[in-house]
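One file, final_10.pdb, carrying PDB, C-alpha atoms:
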ATOM      1  CA  MET D   1     -54.503  -1.609  51.792
ATOM      2  CA  SER D   2     -51.709  -3.778  50.462
ATOM      3  CA  ASP D   3     -49.930  -6.868  51.765
ATOM      4  CA  ALA D   4     -46.585  -5.101  51.675
ATOM      5  CA  ILE D   5     -44.997  -3.954  54.921
ATOM      6  CA  HIS D   6     -45.642  -0.251  55.363
ATOM      7  CA  THR D   7     -43.235   0.372  58.267
ATOM      8  CA  THR D   8     -40.598  -1.698  60.052
ATOM      9  CA  VAL D   9     -39.678  -1.145  63.701
ATOM     10  CA  ASP D  10     -36.352  -2.596  64.767
ATOM     11  CA  ALA D  11     -36.569  -2.940  68.548
ATOM     12  CA  LYS D  12     -33.916  -5.620  68.877
ATOM     13  CA  GLY D  13     -31.827  -5.185  72.003
ATOM     14  CA  LEU D  14     -34.328  -2.795  73.588
ATOM     15  CA  SER D  15     -35.801  -3.623  76.959
ATOM     16  CA  CYS D  16     -39.394  -3.289  78.095
ATOM     17  CA  PRO D  17     -41.380  -1.145  77.352
ATOM     18  CA  MET D  18     -39.400   0.269  74.413
ATOM     19  CA  PRO D  19     -40.573  -2.263  71.786
ATOM     20  CA  ILE D  20     -44.185  -1.274  72.496
ATOM     21  CA  VAL D  21     -43.404   2.434  72.860
ATOM     22  CA  LYS D  22     -41.515   2.525  69.542
ATOM     23  CA  THR D  23     -44.275   0.556  67.825
ATOM     24  CA  ALA D  24     -47.012   2.791  69.243
ATOM     25  CA  GLN D  25     -45.057   5.824  68.030
ATOM     26  CA  ALA D  26     -44.587   4.362  64.554
ATOM     27  CA  ALA D  27     -48.238   3.290  64.395
ATOM     28  CA  LYS D  28     -49.347   6.917  64.587
ATOM     29  CA  LEU D  29     -47.973   7.444  61.078
ATOM     30  CA  VAL D  30     -49.333   4.222  59.582
ATOM     31  CA  PRO D  31     -52.710   4.384  57.824
ATOM     32  CA  SER D  32     -55.508   1.999  58.767
ATOM     33  CA  GLY D  33     -55.219  -1.447  57.179
ATOM     34  CA  GLU D  34     -51.481  -1.152  56.539
ATOM     35  CA  LEU D  35     -48.913  -3.529  58.043
ATOM     36  CA  ILE D  36     -46.227  -2.815  60.637
ATOM     37  CA  GLU D  37     -43.376  -5.279  61.052
ATOM     38  CA  VAL D  38     -41.620  -5.369  64.429
ATOM     39  CA  PHE D  39     -38.430  -7.125  65.483
ATOM     40  CA  ALA D  40     -37.814  -7.497  69.232
ATOM     41  CA  THR D  41     -35.635  -9.533  71.543
ATOM     42  CA  ASP D  42     -37.374  -8.698  74.816
ATOM     43  CA  ALA D  43     -38.975 -11.954  75.996
ATOM     44  CA  GLY D  44     -41.856 -10.011  77.497
ATOM     45  CA  SER D  45     -42.824  -8.684  74.088
ATOM     46  CA  VAL D  46     -44.930 -11.752  73.201
ATOM     47  CA  LYS D  47     -47.419 -11.025  75.981
ATOM     48  CA  ASP D  48     -46.976  -7.273  75.637
ATOM     49  CA  PHE D  49     -47.841  -7.203  71.930
ATOM     50  CA  ALA D  50     -50.821  -9.503  72.517
ATOM     51  CA  ALA D  51     -52.120  -7.134  75.200
ATOM     52  CA  TRP D  52     -51.318  -3.959  73.294
ATOM     53  CA  THR D  53     -53.045  -5.070  70.113
ATOM     54  CA  ARG D  54     -56.097  -6.310  72.051
ATOM     55  CA  SER D  55     -56.388  -2.975  73.796
ATOM     56  CA  THR D  56     -55.739  -0.713  70.809
ATOM     57  CA  GLY D  57     -57.730  -2.634  68.179
ATOM     58  CA  ASN D  58     -54.671  -3.366  66.034
ATOM     59  CA  SER D  59     -54.198  -7.048  65.184
ATOM     60  CA  ILE D  60     -51.247  -9.425  64.995
ATOM     61  CA  VAL D  61     -51.437 -11.178  61.639
ATOM     62  CA  GLU D  62     -48.133 -13.003  61.858
ATOM     63  CA  GLN D  63     -45.832 -13.941  64.711
ATOM     64  CA  THR D  64     -42.598 -15.908  64.530
ATOM     65  CA  GLU D  65     -39.474 -16.437  66.597
ATOM     66  CA  ASP D  66     -36.060 -17.162  65.234
ATOM     67  CA  ASP D  67     -33.081 -17.628  67.524
ATOM     68  CA  GLY D  68     -34.389 -15.258  70.186
ATOM     69  CA  VAL D  69     -35.646 -12.636  67.750
ATOM     70  CA  TYR D  70     -39.412 -12.187  67.722
ATOM     71  CA  ARG D  71     -41.066 -10.880  64.590
ATOM     72  CA  PHE D  72     -44.598  -9.527  64.655
ATOM     73  CA  VAL D  73     -46.628  -8.313  61.717
ATOM     74  CA  ILE D  74     -49.355  -6.019  62.965
ATOM     75  CA  LYS D  75     -52.283  -4.731  60.961
ATOM     76  CA  ARG D  76     -53.187  -1.181  61.829
ATOM     77  CA  ALA D  77     -56.767  -0.719  62.998
TER
ATOM     78  CA  MET J   1     -58.847  -0.530  78.047
ATOM     79  CA  ASP J   2     -60.509   2.029  80.254
ATOM     80  CA  ASP J   3     -59.393   5.592  79.985
ATOM     81  CA  LYS J   4     -59.069   6.290  83.675
ATOM     82  CA  PRO J   5     -55.858   8.201  84.262
ATOM     83  CA  LEU J   6     -52.877   6.580  85.867
ATOM     84  CA  ALA J   7     -51.369   8.825  88.513
ATOM     85  CA  ILE J   8     -47.786   8.290  89.587
ATOM     86  CA  VAL J   9     -46.736  10.022  92.773
ATOM     87  CA  LEU J  10     -43.002  10.013  92.251
ATOM     88  CA  PHE J  11     -41.175  10.617  95.506
ATOM     89  CA  SER J  12     -37.916   8.699  95.158
ATOM     90  CA  GLY J  13     -34.930  10.224  93.452
ATOM     91  CA  THR J  14     -32.696   7.259  92.666
ATOM     92  CA  ASP J  15     -32.219   6.243  89.041
ATOM     93  CA  ASP J  16     -33.747   2.783  89.476
ATOM     94  CA  LYS J  17     -37.005   4.129  90.881
ATOM     95  CA  LEU J  18     -37.128   6.996  88.393
ATOM     96  CA  ASN J  19     -36.687   4.413  85.658
ATOM     97  CA  ALA J  20     -39.440   2.192  87.086
ATOM     98  CA  ALA J  21     -41.778   5.197  87.020
ATOM     99  CA  ALA J  22     -40.763   6.062  83.446
ATOM    100  CA  VAL J  23     -41.490   2.477  82.372
ATOM    101  CA  MET J  24     -44.939   2.510  83.994
ATOM    102  CA  ALA J  25     -45.735   5.893  82.454
ATOM    103  CA  SER J  26     -44.633   4.989  78.936
ATOM    104  CA  GLY J  27     -46.432   1.633  79.003
ATOM    105  CA  ALA J  28     -49.695   3.350  79.956
ATOM    106  CA  ALA J  29     -49.141   6.031  77.312
ATOM    107  CA  ALA J  30     -48.679   3.324  74.666
ATOM    108  CA  LEU J  31     -52.132   2.016  75.579
ATOM    109  CA  GLY J  32     -53.616   5.460  75.169
ATOM    110  CA  ARG J  33     -54.148   5.931  78.880
ATOM    111  CA  PRO J  34     -53.683   9.435  80.319
ATOM    112  CA  VAL J  35     -50.812   9.655  82.802
ATOM    113  CA  HIS J  36     -50.329  12.261  85.487
ATOM    114  CA  VAL J  37     -46.977  12.334  87.283
ATOM    115  CA  PHE J  38     -46.706  14.282  90.549
ATOM    116  CA  LEU J  39     -43.110  14.995  91.590
ATOM    117  CA  GLN J  40     -42.294  15.198  95.264
ATOM    118  CA  TYR J  41     -39.118  15.597  97.284
ATOM    119  CA  TRP J  42     -36.116  13.675  95.912
ATOM    120  CA  ALA J  43     -37.783  12.880  92.610
ATOM    121  CA  LEU J  44     -38.418  16.582  92.114
ATOM    122  CA  ASP J  45     -34.792  17.331  92.956
ATOM    123  CA  ALA J  46     -33.722  14.908  90.194
ATOM    124  CA  PHE J  47     -35.765  16.921  87.658
ATOM    125  CA  ARG J  48     -33.671  20.063  88.134
ATOM    126  CA  ALA J  49     -32.475  21.076  84.683
ATOM    127  CA  ASP J  50     -28.843  21.088  85.797
ATOM    128  CA  ARG J  51     -29.044  17.715  87.592
ATOM    129  CA  ILE J  52     -31.392  15.563  85.525
ATOM    130  CA  LYS J  53     -28.557  13.839  83.650
ATOM    131  CA  ASN J  54     -26.488  13.236  86.785
ATOM    132  CA  ASP J  55     -25.939   9.833  88.341
ATOM    133  CA  HIS J  56     -28.673   9.681  91.008
ATOM    134  CA  GLY J  57     -27.538   6.374  92.463
ATOM    135  CA  LEU J  58     -29.684   3.359  93.246
ATOM    136  CA  ALA J  59     -31.926   2.309  96.105
ATOM    137  CA  ALA J  60     -30.013   0.912  99.078
ATOM    138  CA  GLU J  61     -31.214  -2.645  98.433
ATOM    139  CA  ALA J  62     -29.471  -2.716  95.040
ATOM    140  CA  GLY J  63     -26.101  -3.538  96.555
ATOM    141  CA  ALA J  64     -23.004  -4.112  94.472
ATOM    142  CA  GLU J  65     -24.570  -6.885  92.408
ATOM    143  CA  GLY J  66     -27.633  -4.822  91.550
ATOM    144  CA  LYS J  67     -25.458  -1.870  90.627
ATOM    145  CA  ALA J  68     -23.441  -4.031  88.236
ATOM    146  CA  ALA J  69     -26.648  -5.367  86.633
ATOM    147  CA  VAL J  70     -28.035  -1.868  86.099
ATOM    148  CA  GLU J  71     -24.733  -0.655  84.683
ATOM    149  CA  ALA J  72     -24.623  -3.584  82.251
ATOM    150  CA  LEU J  73     -28.110  -2.684  80.996
ATOM    151  CA  GLN J  74     -27.045   0.932  80.518
ATOM    152  CA  ALA J  75     -23.927  -0.164  78.655
ATOM    153  CA  ALA J  76     -26.174  -2.270  76.394
ATOM    154  CA  GLY J  77     -27.949   0.933  75.383
ATOM    155  CA  GLN J  78     -30.991   1.119  77.644
ATOM    156  CA  ALA J  79     -32.463   4.610  77.374
ATOM    157  CA  PRO J  80     -32.062   6.718  80.519
ATOM    158  CA  TRP J  81     -35.327   7.356  82.395
ATOM    159  CA  TYR J  82     -35.627  10.980  81.289
ATOM    160  CA  GLU J  83     -35.487   9.923  77.629
ATOM    161  CA  THR J  84     -38.124   7.253  78.257
ATOM    162  CA  LEU J  85     -40.324   9.920  79.834
ATOM    163  CA  ALA J  86     -39.745  12.274  76.903
ATOM    164  CA  MET J  87     -40.863   9.509  74.537
ATOM    165  CA  ALA J  88     -43.933   8.838  76.674
ATOM    166  CA  LYS J  89     -44.851  12.513  76.445
ATOM    167  CA  GLU J  90     -44.461  12.479  72.663
ATOM    168  CA  LEU J  91     -46.537   9.337  72.411
ATOM    169  CA  GLY J  92     -49.520  10.110  74.538
ATOM    170  CA  ASN J  93     -51.171  12.290  77.110
ATOM    171  CA  VAL J  94     -48.519  12.452  79.838
ATOM    172  CA  GLU J  95     -48.442  15.404  82.183
ATOM    173  CA  ILE J  96     -45.691  15.979  84.727
ATOM    174  CA  GLN J  97     -46.380  18.359  87.591
ATOM    175  CA  ALA J  98     -44.185  19.467  90.465
ATOM    176  CA  CYS J  99     -45.614  19.363  93.991
ATOM    177  CA  SER J 100     -45.722  22.948  95.241
ATOM    178  CA  LEU J 101     -44.858  21.967  98.821
ATOM    179  CA  SER J 102     -41.739  20.128  97.636
ATOM    180  CA  MET J 103     -40.796  23.162  95.551
ATOM    181  CA  ASP J 104     -40.871  25.254  98.729
ATOM    182  CA  VAL J 105     -39.049  22.676 100.850
ATOM    183  CA  LEU J 106     -36.214  22.327  98.348
ATOM    184  CA  GLY J 107     -36.150  25.995  97.351
ATOM    185  CA  ILE J 108     -36.771  25.210  93.700
ATOM    186  CA  GLU J 109     -38.372  27.609  91.224
ATOM    187  CA  GLU J 110     -40.054  26.569  87.984
ATOM    188  CA  LYS J 111     -37.204  28.034  85.954
ATOM    189  CA  ASP J 112     -34.828  25.583  87.679
ATOM    190  CA  LEU J 113     -36.715  22.557  86.352
ATOM    191  CA  ASP J 114     -36.182  20.556  83.200
ATOM    192  CA  PRO J 115     -38.711  21.300  80.414
ATOM    193  CA  LEU J 116     -40.143  17.789  80.917
ATOM    194  CA  VAL J 117     -42.006  19.312  83.862
ATOM    195  CA  ASP J 118     -45.235  20.987  82.719
ATOM    196  CA  GLY J 119     -45.919  23.069  85.814
ATOM    197  CA  THR J 120     -46.527  23.199  89.547
ATOM    198  CA  GLU J 121     -49.633  22.177  91.429
ATOM    199  CA  GLY J 122     -50.816  21.512  94.953
ATOM    200  CA  VAL J 123     -52.182  18.230  96.191
ATOM    201  CA  THR J 124     -55.782  19.363  95.754
ATOM    202  CA  ALA J 125     -55.257  20.164  92.081
ATOM    203  CA  PHE J 126     -53.556  16.771  91.759
ATOM    204  CA  TYR J 127     -56.580  14.908  93.145
ATOM    205  CA  ILE J 128     -58.980  16.861  90.965
ATOM    206  CA  ALA J 129     -56.831  16.212  87.890
ATOM    207  CA  ILE J 130     -56.742  12.448  88.378
ATOM    208  CA  GLY J 131     -60.403  12.021  89.358
ATOM    209  CA  ASP J 132     -60.988   8.357  90.125
ATOM    210  CA  GLY J 133     -57.813   7.210  88.373
ATOM    211  CA  GLN J 134     -55.392   4.801  90.000
ATOM    212  CA  ILE J 135     -52.466   6.083  92.033
ATOM    213  CA  LEU J 136     -49.015   4.534  92.159
ATOM    214  CA  PHE J 137     -46.571   5.759  94.770
ATOM    215  CA  ILE J 138     -42.944   5.241  93.860
TER
END

Since I need it in another form, could you write the structure as structure tokens?
Amino acid sequence: MSDAIHTTVDAKGLSCPMPIVKTAQAAKLVPSGELIEVFATDAGSVKDFAAWTRSTGNSIVEQTEDDGVYRFVIKRA
Amino acid sequence: MDDKPLAIVLFSGTDDKLNAAAVMASGAAALGRPVHVFLQYWALDAFRADRIKNDHGLAAEAGAEGKAAVEALQAAGQAPWYETLAMAKELGNVEIQACSLSMDVLGIEEKDLDPLVDGTEGVTAFYIAIGDGQILFI
């Protein structure tokens, strides 16, 4: 594994559940231990990503918000 | 997350309810949960290959204000429900079956349906397929 971002998902402007759906799709192609970076503007995505990672075994290693844009860095299980 | 299937009995054929069903299906698929959609009546009619992209209207309670809100979301680039369902099928284990009774009632044959639909089944096959999974009726 490396600390570099393996894949970035730009889900800005997409409504629920597209940020999760796009991330789940992208995650299929990301090897275990690698990092996925996600940008989203859907306010529900904070709880959705927490729930999705808990349920799928992936983990959120970084989470920030800047002017309505949420950024998640997720480590692939 | 348990792996019990989520069954969606999709009866309504307006775009808002079809979209609600597509959202529920894709969310479950993202969690790795099997989804089984059973199309009845007006929902089935909306899955005709030559009508799926039509404007199917909104539920009566939407009113003018609701219609404007939905149109604004579409203008902002929200994916139509059939695209959301196609993504859900790519993502996970999502099966879409037509109710055989509704096929008869509406005079629809399998060749008339959009390829999103995997086949036709009766209600007994539906219950066997979903086992003790949860059922949503939309």

*Go through the shown structure with the ChimeraX specification (/D :<7) & /J and write out the matching residues as a ChimeraX atom specification.*
/J:1,23,26-27,30-31,78,91

With the file shown as input, list the residues that the PyMOL selection byres ((chain J and resi 45-60) around 7) selects, as a PDB file with C-alpha atoms, in the frame of the given file.
ATOM      1  CA  GLY J  13     -34.930  10.224  93.452  1.00  0.00           C
ATOM      2  CA  THR J  14     -32.696   7.259  92.666  1.00  0.00           C
ATOM      3  CA  ASP J  15     -32.219   6.243  89.041  1.00  0.00           C
ATOM      4  CA  ASP J  16     -33.747   2.783  89.476  1.00  0.00           C
ATOM      5  CA  TYR J  41     -39.118  15.597  97.284  1.00  0.00           C
ATOM      6  CA  TRP J  42     -36.116  13.675  95.912  1.00  0.00           C
ATOM      7  CA  ALA J  43     -37.783  12.880  92.610  1.00  0.00           C
ATOM      8  CA  LEU J  44     -38.418  16.582  92.114  1.00  0.00           C
ATOM      9  CA  GLU J  61     -31.214  -2.645  98.433  1.00  0.00           C
ATOM     10  CA  ALA J  62     -29.471  -2.716  95.040  1.00  0.00           C
ATOM     11  CA  GLY J  63     -26.101  -3.538  96.555  1.00  0.00           C
ATOM     12  CA  ASP J 112     -34.828  25.583  87.679  1.00  0.00           C
ATOM     13  CA  LEU J 113     -36.715  22.557  86.352  1.00  0.00           C
ATOM     14  CA  ASP J 114     -36.182  20.556  83.200  1.00  0.00           C
TER      15      ASP J 114
END

- request: Step by step, work through what the PyMOL selection byres ((chain J and resi 19) around 10) selects in the shown file, and finish by giving those residues as a PyMOL selection string.
  value: chain J and resi 13-18+20-25+79-85

Correct to one decimal, the distance atom CA of Thr120 of chain J-atom CA of Met87 of chain J is 21.1 Å

- request: Enter the distance from atom CA of Ile96 of chain J to atom CA of Ala72 of chain J, in Å, rounded to one decimal.
  value: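 Those two atoms sit 28.9 Å apart.
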
Expressed in Å, the length from atom CA of Val69 of chain D to atom CA of Ser45 of chain D is 10.4 Å

*asked:* Can you pull out the residues contacting Tyr70 of chain D? Cut-off 9 Å, using all atoms listed in the file, and skip same-chain residues under 5 positions away; I want them as number ranges by chain.
replied: D: 12, 38-43, 45-46, 63-65

N, CA and C atoms are what I want for segment 63-79 of chain J; can you complete it accordingly and write them as a compact mmCIF listing (two decimals), in the coordinates of the input?
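New file result-v4.txt:
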# COMPACT_ATOMS: atom_id res chain seq x y z
N GLY J 63 -27.38 -2.92 96.24
CA GLY J 63 -26.10 -3.54 96.56
C GLY J 63 -25.17 -3.51 95.36
N ALA J 64 -24.01 -4.14 95.52
CA ALA J 64 -23.00 -4.11 94.47
C ALA J 64 -23.46 -4.91 93.25
N GLU J 65 -24.13 -6.02 93.51
CA GLU J 65 -24.57 -6.88 92.41
C GLU J 65 -25.64 -6.18 91.56
N GLY J 66 -26.58 -5.55 92.24
CA GLY J 66 -27.63 -4.82 91.55
C GLY J 66 -27.06 -3.67 90.74
N LYS J 67 -26.09 -3.00 91.31
CA LYS J 67 -25.46 -1.87 90.63
C LYS J 67 -24.79 -2.35 89.33
N ALA J 68 -24.12 -3.48 89.42
CA ALA J 68 -23.44 -4.03 88.24
C ALA J 68 -24.47 -4.40 87.17
N ALA J 69 -25.62 -4.96 87.59
CA ALA J 69 -26.65 -5.37 86.63
C ALA J 69 -27.23 -4.14 85.92
N VAL J 70 -27.47 -3.09 86.69
CA VAL J 70 -28.04 -1.87 86.10
C VAL J 70 -27.02 -1.23 85.14
N GLU J 71 -25.77 -1.24 85.54
CA GLU J 71 -24.73 -0.66 84.68
C GLU J 71 -24.58 -1.43 83.37
N ALA J 72 -24.73 -2.76 83.46
CA ALA J 72 -24.62 -3.58 82.25
C ALA J 72 -25.75 -3.24 81.28
N LEU J 73 -26.95 -3.02 81.82
CA LEU J 73 -28.11 -2.68 81.00
C LEU J 73 -27.90 -1.32 80.32
N GLN J 74 -27.32 -0.40 81.08
CA GLN J 74 -27.04 0.93 80.52
C GLN J 74 -26.01 0.83 79.41
N ALA J 75 -24.98 0.01 79.66
CA ALA J 75 -23.93 -0.16 78.66
C ALA J 75 -24.49 -0.79 77.38
N ALA J 76 -25.55 -1.62 77.55
CA ALA J 76 -26.17 -2.27 76.39
C ALA J 76 -27.08 -1.31 75.64
N GLY J 77 -27.21 -0.08 76.13
CA GLY J 77 -27.95 0.93 75.38
C GLY J 77 -29.35 1.22 75.89
N GLN J 78 -29.67 0.79 77.10
CA GLN J 78 -30.99 1.12 77.64
C GLN J 78 -31.12 2.64 77.78
N ALA J 79 -32.26 3.16 77.32
CA ALA J 79 -32.46 4.61 77.37
C ALA J 79 -32.54 5.05 78.83
